[in-house]
>>> print(open('target.tsv').read())   # TSV, N, CA and C atoms
chain	number	residue	atom	x	y	z
A	19	MET	N	-5.62	-16.45	7.97
A	19	MET	CA	-4.19	-16.59	7.77
A	19	MET	C	-3.68	-15.53	6.80
A	20	ARG	N	-4.37	-15.36	5.68
A	20	ARG	CA	-3.93	-14.37	4.70
A	20	ARG	C	-4.04	-12.95	5.26
A	21	ASN	N	-5.02	-12.71	6.13
A	21	ASN	CA	-5.15	-11.39	6.76
A	21	ASN	C	-3.93	-11.07	7.61
A	22	ILE	N	-3.37	-12.08	8.24
A	22	ILE	CA	-2.18	-11.89	9.06
A	22	ILE	C	-1.01	-11.48	8.18
A	23	VAL	N	-0.86	-12.15	7.03
A	23	VAL	CA	0.22	-11.82	6.11
A	23	VAL	C	0.08	-10.38	5.62
A	24	VAL	N	-1.14	-9.99	5.25
A	24	VAL	CA	-1.38	-8.62	4.80
A	24	VAL	C	-1.03	-7.63	5.91
A	25	ALA	N	-1.40	-7.96	7.14
A	25	ALA	CA	-1.10	-7.07	8.26
A	25	ALA	C	0.40	-6.91	8.47
A	26	LEU	N	1.15	-8.00	8.32
A	26	LEU	CA	2.60	-7.92	8.49
A	26	LEU	C	3.24	-7.03	7.43
A	27	VAL	N	2.83	-7.22	6.18
A	27	VAL	CA	3.38	-6.39	5.10
A	27	VAL	C	2.99	-4.93	5.31
A	28	ALA	N	1.75	-4.69	5.67
A	28	ALA	CA	1.30	-3.31	5.91
A	28	ALA	C	2.08	-2.68	7.05
A	29	LEU	N	2.39	-3.45	8.08
A	29	LEU	CA	3.15	-2.91	9.21
A	29	LEU	C	4.52	-2.43	8.76
A	30	CYS	N	5.16	-3.17	7.87
A	30	CYS	CA	6.46	-2.74	7.35
A	30	CYS	C	6.33	-1.42	6.61
A	31	LEU	N	5.29	-1.31	5.82
A	31	LEU	CA	5.09	-0.07	5.08
A	31	LEU	C	4.89	1.11	6.02
A	32	LEU	N	4.21	0.89	7.10
A	32	LEU	CA	3.93	1.97	8.05
A	32	LEU	C	5.15	2.35	8.88
A	33	THR	N	5.97	1.39	9.23
A	33	THR	CA	7.09	1.67	10.11
A	33	THR	C	8.40	1.86	9.38
A	34	GLY	N	8.48	1.39	8.14
A	34	GLY	CA	9.72	1.53	7.39
A	34	GLY	C	10.87	0.74	7.97
A	35	THR	N	10.55	-0.40	8.57
A	35	THR	CA	11.59	-1.21	9.20
A	35	THR	C	11.85	-2.47	8.39
A	36	PHE	N	12.90	-3.12	8.75
A	36	PHE	CA	13.29	-4.39	8.16
A	36	PHE	C	13.00	-5.44	9.21
A	37	PHE	N	12.07	-6.34	8.92
A	37	PHE	CA	11.69	-7.30	9.95
A	37	PHE	C	11.24	-8.63	9.35
A	38	ILE	N	11.08	-9.58	10.25
A	38	ILE	CA	10.52	-10.88	9.88
A	38	ILE	C	9.39	-11.17	10.85
A	39	GLY	N	8.33	-11.78	10.36
A	39	GLY	CA	7.19	-12.07	11.22
A	39	GLY	C	6.83	-13.54	11.16
A	40	THR	N	6.11	-13.98	12.14
A	40	THR	CA	5.62	-15.34	12.12
A	40	THR	C	4.29	-15.36	11.39
A	41	ALA	N	3.98	-16.48	10.74
A	41	ALA	CA	2.80	-16.54	9.88
A	41	ALA	C	1.52	-16.85	10.65
A	42	THR	N	1.64	-17.36	11.87
A	42	THR	CA	0.41	-17.70	12.59
A	42	THR	C	0.33	-16.93	13.89
A	43	GLY	N	-0.79	-16.33	14.14
A	43	GLY	CA	-1.04	-15.65	15.39
A	43	GLY	C	-0.16	-14.44	15.65
A	44	ALA	N	0.41	-13.87	14.62
A	44	ALA	CA	1.34	-12.77	14.82
A	44	ALA	C	0.62	-11.48	15.19
A	45	GLY	N	1.14	-10.84	16.18
A	45	GLY	CA	0.73	-9.50	16.55
A	45	GLY	C	1.99	-8.67	16.59
A	46	ILE	N	1.85	-7.39	16.85
A	46	ILE	CA	3.02	-6.53	16.86
A	46	ILE	C	4.09	-7.04	17.82
A	47	GLU	N	3.66	-7.54	18.97
A	47	GLU	CA	4.64	-8.02	19.95
A	47	GLU	C	5.34	-9.30	19.50
A	48	ASP	N	4.83	-9.98	18.47
A	48	ASP	CA	5.41	-11.23	17.99
A	48	ASP	C	6.40	-11.03	16.85
A	49	ILE	N	6.54	-9.82	16.36
A	49	ILE	CA	7.41	-9.59	15.21
A	49	ILE	C	8.86	-9.58	15.66
A	50	GLU	N	9.64	-10.41	15.01
A	50	GLU	CA	11.06	-10.51	15.31
A	50	GLU	C	11.82	-9.72	14.25
A	51	ARG	N	12.57	-8.74	14.66
A	51	ARG	CA	13.40	-7.98	13.73
A	51	ARG	C	14.71	-8.72	13.55
A	52	ILE	N	15.19	-8.73	12.32
A	52	ILE	CA	16.48	-9.35	12.05
A	52	ILE	C	17.34	-8.39	11.24
A	53	THR	N	18.63	-8.61	11.31
A	53	THR	CA	19.57	-7.79	10.56
A	53	THR	C	19.81	-8.44	9.20
A	54	PRO	N	20.35	-7.69	8.26
A	54	PRO	CA	20.72	-8.30	6.97
A	54	PRO	C	21.67	-9.48	7.15
A	55	ARG	N	22.58	-9.38	8.11
A	55	ARG	CA	23.52	-10.48	8.36
A	55	ARG	C	22.78	-11.73	8.82
A	56	GLU	N	21.79	-11.56	9.70
A	56	GLU	CA	21.00	-12.71	10.17
A	56	GLU	C	20.22	-13.33	9.02
A	57	LEU	N	19.70	-12.51	8.13
A	57	LEU	CA	19.00	-13.04	6.96
A	57	LEU	C	19.96	-13.85	6.10
A	58	MET	N	21.16	-13.34	5.88
A	58	MET	CA	22.14	-14.08	5.08
A	58	MET	C	22.49	-15.42	5.72
A	59	ARG	N	22.58	-15.46	7.04
A	59	ARG	CA	22.85	-16.73	7.72
A	59	ARG	C	21.73	-17.74	7.45
A	60	LYS	N	20.49	-17.27	7.53
A	60	LYS	CA	19.35	-18.15	7.25
A	60	LYS	C	19.45	-18.70	5.83
A	61	LEU	N	19.73	-17.83	4.88
A	61	LEU	CA	19.82	-18.26	3.49
A	61	LEU	C	21.00	-19.20	3.29
A	62	ASP	N	22.14	-18.91	3.93
A	62	ASP	CA	23.31	-19.78	3.82
A	62	ASP	C	23.04	-21.17	4.39
A	63	ARG	N	22.17	-21.25	5.41
A	63	ARG	CA	21.81	-22.55	6.00
A	63	ARG	C	20.76	-23.27	5.17
A	64	GLY	N	20.29	-22.63	4.10
A	64	GLY	CA	19.30	-23.26	3.24
A	64	GLY	C	17.87	-23.15	3.74
A	65	GLU	N	17.64	-22.28	4.72
A	65	GLU	CA	16.28	-22.09	5.23
A	65	GLU	C	15.42	-21.44	4.14
A	66	GLN	N	14.18	-21.88	4.05
A	66	GLN	CA	13.25	-21.33	3.07
A	66	GLN	C	12.66	-20.03	3.61
A	67	VAL	N	13.00	-18.93	2.99
A	67	VAL	CA	12.54	-17.61	3.40
A	67	VAL	C	12.02	-16.89	2.17
A	68	LEU	N	10.83	-16.34	2.26
A	68	LEU	CA	10.27	-15.53	1.18
A	68	LEU	C	10.63	-14.08	1.47
A	69	ILE	N	11.41	-13.47	0.58
A	69	ILE	CA	11.85	-12.08	0.75
A	69	ILE	C	10.98	-11.21	-0.15
A	70	ILE	N	10.28	-10.25	0.46
A	70	ILE	CA	9.40	-9.36	-0.29
A	70	ILE	C	9.93	-7.94	-0.22
A	71	ASP	N	10.19	-7.36	-1.39
A	71	ASP	CA	10.63	-5.97	-1.51
A	71	ASP	C	9.38	-5.10	-1.58
A	72	VAL	N	9.14	-4.29	-0.56
A	72	VAL	CA	7.94	-3.45	-0.52
A	72	VAL	C	8.28	-1.96	-0.64
A	73	ARG	N	9.40	-1.66	-1.29
A	73	ARG	CA	9.75	-0.26	-1.49
A	73	ARG	C	8.75	0.41	-2.42
A	74	SER	N	8.65	1.72	-2.29
A	74	SER	CA	7.79	2.47	-3.20
A	74	SER	C	8.33	2.34	-4.62
A	75	SER	N	7.49	2.59	-5.61
A	75	SER	CA	7.92	2.48	-7.00
A	75	SER	C	9.11	3.40	-7.28
A	76	GLY	N	9.07	4.61	-6.73
A	76	GLY	CA	10.17	5.56	-6.94
A	76	GLY	C	11.47	5.08	-6.33
A	77	ALA	N	11.40	4.57	-5.10
A	77	ALA	CA	12.60	4.06	-4.43
A	77	ALA	C	13.16	2.84	-5.16
A	78	TYR	N	12.28	1.98	-5.64
A	78	TYR	CA	12.71	0.79	-6.36
A	78	TYR	C	13.39	1.17	-7.66
A	79	ALA	N	12.79	2.10	-8.42
A	79	ALA	CA	13.33	2.51	-9.71
A	79	ALA	C	14.68	3.22	-9.55
A	80	ALA	N	14.85	3.96	-8.47
A	80	ALA	CA	16.08	4.72	-8.25
A	80	ALA	C	17.23	3.87	-7.72
A	81	SER	N	16.94	2.66	-7.30
A	81	SER	CA	17.95	1.81	-6.67
A	81	SER	C	18.46	0.75	-7.62
A	82	THR	N	19.73	0.41	-7.46
A	82	THR	CA	20.30	-0.72	-8.20
A	82	THR	C	20.39	-1.95	-7.31
A	83	VAL	N	19.97	-1.83	-6.06
A	83	VAL	CA	20.05	-2.93	-5.10
A	83	VAL	C	18.86	-3.85	-5.28
A	84	ARG	N	19.14	-5.12	-5.50
A	84	ARG	CA	18.12	-6.16	-5.58
A	84	ARG	C	18.64	-7.36	-4.80
A	85	LEU	N	17.80	-7.97	-3.99
A	85	LEU	CA	18.21	-9.17	-3.26
A	85	LEU	C	17.89	-10.38	-4.11
A	86	PRO	N	18.83	-11.31	-4.22
A	86	PRO	CA	18.58	-12.51	-5.02
A	86	PRO	C	17.35	-13.27	-4.53
A	87	GLY	N	16.45	-13.58	-5.43
A	87	GLY	CA	15.27	-14.36	-5.10
A	87	GLY	C	14.14	-13.57	-4.48
A	88	ASP	N	14.30	-12.25	-4.36
A	88	ASP	CA	13.21	-11.48	-3.75
A	88	ASP	C	12.03	-11.34	-4.70
A	89	VAL	N	10.90	-11.01	-4.13
A	89	VAL	CA	9.67	-10.78	-4.89
A	89	VAL	C	9.31	-9.32	-4.69
A	90	ARG	N	9.06	-8.62	-5.76
A	90	ARG	CA	8.70	-7.19	-5.67
A	90	ARG	C	7.19	-7.08	-5.62
A	91	ILE	N	6.66	-6.52	-4.54
A	91	ILE	CA	5.24	-6.24	-4.43
A	91	ILE	C	5.11	-4.78	-4.01
A	92	ALA	N	4.66	-3.95	-4.95
A	92	ALA	CA	4.50	-2.53	-4.67
A	92	ALA	C	3.41	-2.33	-3.62
A	93	PRO	N	3.52	-1.28	-2.83
A	93	PRO	CA	2.53	-1.05	-1.78
A	93	PRO	C	1.09	-1.05	-2.28
A	94	ASP	N	0.85	-0.51	-3.47
A	94	ASP	CA	-0.52	-0.46	-3.98
A	94	ASP	C	-0.98	-1.78	-4.59
A	95	GLU	N	-0.11	-2.81	-4.60
A	95	GLU	CA	-0.46	-4.12	-5.16
A	95	GLU	C	-0.64	-5.19	-4.09
A	96	ILE	N	-0.37	-4.87	-2.85
A	96	ILE	CA	-0.32	-5.89	-1.79
A	96	ILE	C	-1.61	-6.69	-1.70
A	97	ILE	N	-2.73	-6.03	-1.60
A	97	ILE	CA	-4.01	-6.73	-1.44
A	97	ILE	C	-4.28	-7.66	-2.62
A	98	GLY	N	-4.04	-7.18	-3.82
A	98	GLY	CA	-4.31	-7.99	-5.02
A	98	GLY	C	-3.37	-9.16	-5.21
A	99	ARG	N	-2.21	-9.13	-4.57
A	99	ARG	CA	-1.21	-10.18	-4.80
A	99	ARG	C	-0.99	-11.09	-3.59
A	100	VAL	N	-1.82	-10.94	-2.57
A	100	VAL	CA	-1.66	-11.75	-1.36
A	100	VAL	C	-1.72	-13.24	-1.67
A	101	GLY	N	-2.43	-13.63	-2.70
A	101	GLY	CA	-2.54	-15.04	-3.08
A	101	GLY	C	-1.22	-15.64	-3.54
A	102	GLU	N	-0.23	-14.82	-3.87
A	102	GLU	CA	1.08	-15.31	-4.31
A	102	GLU	C	1.97	-15.71	-3.13
A	103	ILE	N	1.56	-15.36	-1.93
A	103	ILE	CA	2.37	-15.66	-0.75
A	103	ILE	C	1.97	-17.03	-0.22
A	104	PRO	N	2.92	-17.98	-0.20
A	104	PRO	CA	2.60	-19.33	0.27
A	104	PRO	C	2.15	-19.33	1.73
A	105	MET	N	1.14	-20.13	2.01
A	105	MET	CA	0.65	-20.28	3.38
A	105	MET	C	1.77	-20.85	4.25
A	106	GLY	N	1.95	-20.29	5.43
A	106	GLY	CA	2.94	-20.80	6.37
A	106	GLY	C	4.37	-20.41	6.06
A	107	ALA	N	4.58	-19.58	5.05
A	107	ALA	CA	5.94	-19.19	4.68
A	107	ALA	C	6.56	-18.28	5.73
A	108	GLU	N	7.86	-18.42	5.92
A	108	GLU	CA	8.59	-17.45	6.73
A	108	GLU	C	8.86	-16.26	5.81
A	109	ILE	N	8.44	-15.09	6.22
A	109	ILE	CA	8.46	-13.92	5.34
A	109	ILE	C	9.37	-12.84	5.91
A	110	VAL	N	10.21	-12.29	5.03
A	110	VAL	CA	11.02	-11.13	5.36
A	110	VAL	C	10.61	-10.04	4.40
A	111	THR	N	10.21	-8.90	4.92
A	111	THR	CA	9.92	-7.76	4.06
A	111	THR	C	11.01	-6.72	4.29
A	112	TYR	N	11.32	-6.00	3.22
A	112	TYR	CA	12.29	-4.92	3.40
A	112	TYR	C	11.90	-3.73	2.56
A	113	CYS	N	12.30	-2.57	3.05
A	113	CYS	CA	12.05	-1.32	2.36
A	113	CYS	C	13.12	-0.33	2.81
A	114	THR	N	13.12	0.84	2.20
A	114	THR	CA	14.13	1.84	2.57
A	114	THR	C	13.45	3.11	3.03
>>> encode(input="target.tsv", output="structure tokens")
Amino acid sequence: MRNIVVALVALCLLTGTFFIGTATGAGIEDIERITPRELMRKLDRGEQVLIIDVRSSGAYAASTVRLPGDVRIAPDEIIGRVGEIPMGAEIVTYCT
């Protein structure tokens, strides 16, 4: 299960896209991309979503944009911090 989460986060880093993935059995064909507006609708409905900011350290430092409630996990910290991601969580990763 944790390997799937790592794979999803790594995929975002490789493609530079904004997406959401399923926590079980996810493969590339299972990844659902959502827009910022769709994410806001989920949050407005009270859905539990873990938002992970995976921007590079330079991009993060240069930006004033932060999403409320997001978790910052730098690309070089992903493997070491995978234990912080709740099992079965709906995860949205974003980067620029």
>>> closest_atom_pairs(input="target.tsv", of="region 80-105 of chain A", to="region 44-64 of chain A", cutoff="12 Å", atoms="only C-alpha atoms", output="CSV")
residue,atom,partner,partner_atom,distance
A:Leu85,CA,A:Met58,CA,10.4
A:Pro86,CA,A:Leu61,CA,10.3
A:Gly87,CA,A:Leu61,CA,10.5
A:Asp88,CA,A:Leu61,CA,11.9
>>> atom_distance(input="target.tsv", atom1="CA of Ser75 (chain A)", atom2="CA of Pro104 (chain A)")
23.6 Å
>>> residues_around(input="target.tsv", residues="Thr111 (chain A)", least_positions_apart="6", cutoff="6 Å", atoms="only C-alpha atoms", output="list in words")
Ile69, Ile70 and Asp71 of chain A
>>> residues_around(input="target.tsv", residues="Arg73 (chain A)", least_positions_apart="3", cutoff="8 Å", atoms="all atoms listed in the file", output="short mmCIF file (atom, residue, chain, number, x, y, z; two decimals) with N, CA and C atoms, in the coordinates of the input")
data_model
loop_
_atom_site.label_atom_id
_atom_site.label_comp_id
_atom_site.auth_asym_id
_atom_site.auth_seq_id
_atom_site.Cartn_x
_atom_site.Cartn_y
_atom_site.Cartn_z
N LEU A 31 5.29 -1.31 5.82
CA LEU A 31 5.09 -0.07 5.08
C LEU A 31 4.89 1.11 6.02
N ILE A 70 10.28 -10.25 0.46
CA ILE A 70 9.40 -9.36 -0.29
C ILE A 70 9.93 -7.94 -0.22
N GLY A 76 9.07 4.61 -6.73
CA GLY A 76 10.17 5.56 -6.94
C GLY A 76 11.47 5.08 -6.33
N ALA A 77 11.40 4.57 -5.10
CA ALA A 77 12.60 4.06 -4.43
C ALA A 77 13.16 2.84 -5.16
N TYR A 78 12.28 1.98 -5.64
CA TYR A 78 12.71 0.79 -6.36
C TYR A 78 13.39 1.17 -7.66
N ALA A 79 12.79 2.10 -8.42
CA ALA A 79 13.33 2.51 -9.71
C ALA A 79 14.68 3.22 -9.55
N ARG A 90 9.06 -8.62 -5.76
CA ARG A 90 8.70 -7.19 -5.67
C ARG A 90 7.19 -7.08 -5.62
N ILE A 91 6.66 -6.52 -4.54
CA ILE A 91 5.24 -6.24 -4.43
C ILE A 91 5.11 -4.78 -4.01
N ALA A 92 4.66 -3.95 -4.95
CA ALA A 92 4.50 -2.53 -4.67
C ALA A 92 3.41 -2.33 -3.62
N PRO A 93 3.52 -1.28 -2.83
CA PRO A 93 2.53 -1.05 -1.78
C PRO A 93 1.09 -1.05 -2.28
N THR A 111 10.21 -8.90 4.92
CA THR A 111 9.92 -7.76 4.06
C THR A 111 11.01 -6.72 4.29
N TYR A 112 11.32 -6.00 3.22
CA TYR A 112 12.29 -4.92 3.40
C TYR A 112 11.90 -3.73 2.56
N CYS A 113 12.30 -2.57 3.05
CA CYS A 113 12.05 -1.32 2.36
C CYS A 113 13.12 -0.33 2.81
N THR A 114 13.12 0.84 2.20
CA THR A 114 14.13 1.84 2.57
C THR A 114 13.45 3.11 3.03
#
>>> atom_distance(input="target.tsv", atom1="CA of Met105 (chain A)", atom2="CA of Gln66 (chain A)")
12.6 Å
>>> axis_aligned_box(input="target.tsv", around="region 109-114 of chain A", padding_each_side="3 Å", output="lines of an AutoDock Vina configuration file")
center_x = 11.3
center_y = -6.0
center_z = 4.2
size_x = 11.7
size_y = 24.2
size_z = 10.0
>>> atom_distance(input="target.tsv", atom1="CA of Glu95 (chain A)", atom2="CA of Ser74 (chain A)")
10.7 Å
>>> select_by_dssp(input="target.tsv", residues="region 38-108 of chain A", states="helix (DSSP H, G or I)", output="list of chain:residue names")
A:Ile46, A:Glu47, A:Asp48, A:Pro54, A:Arg55, A:Glu56, A:Leu57, A:Met58, A:Arg59, A:Lys60, A:Leu61, A:Asp62, A:Ser75, A:Gly76, A:Ala77, A:Tyr78, A:Ala79, A:Ala80, A:Pro93, A:Asp94, A:Glu95, A:Ile96, A:Ile97, A:Gly98, A:Arg99, A:Val100, A:Gly101, A:Glu102
>>> select_by_dssp(input="target.tsv", residues="region 59-91 of chain A", states="strand (DSSP E)", output="number ranges by chain")
A: 68-71, 89-90
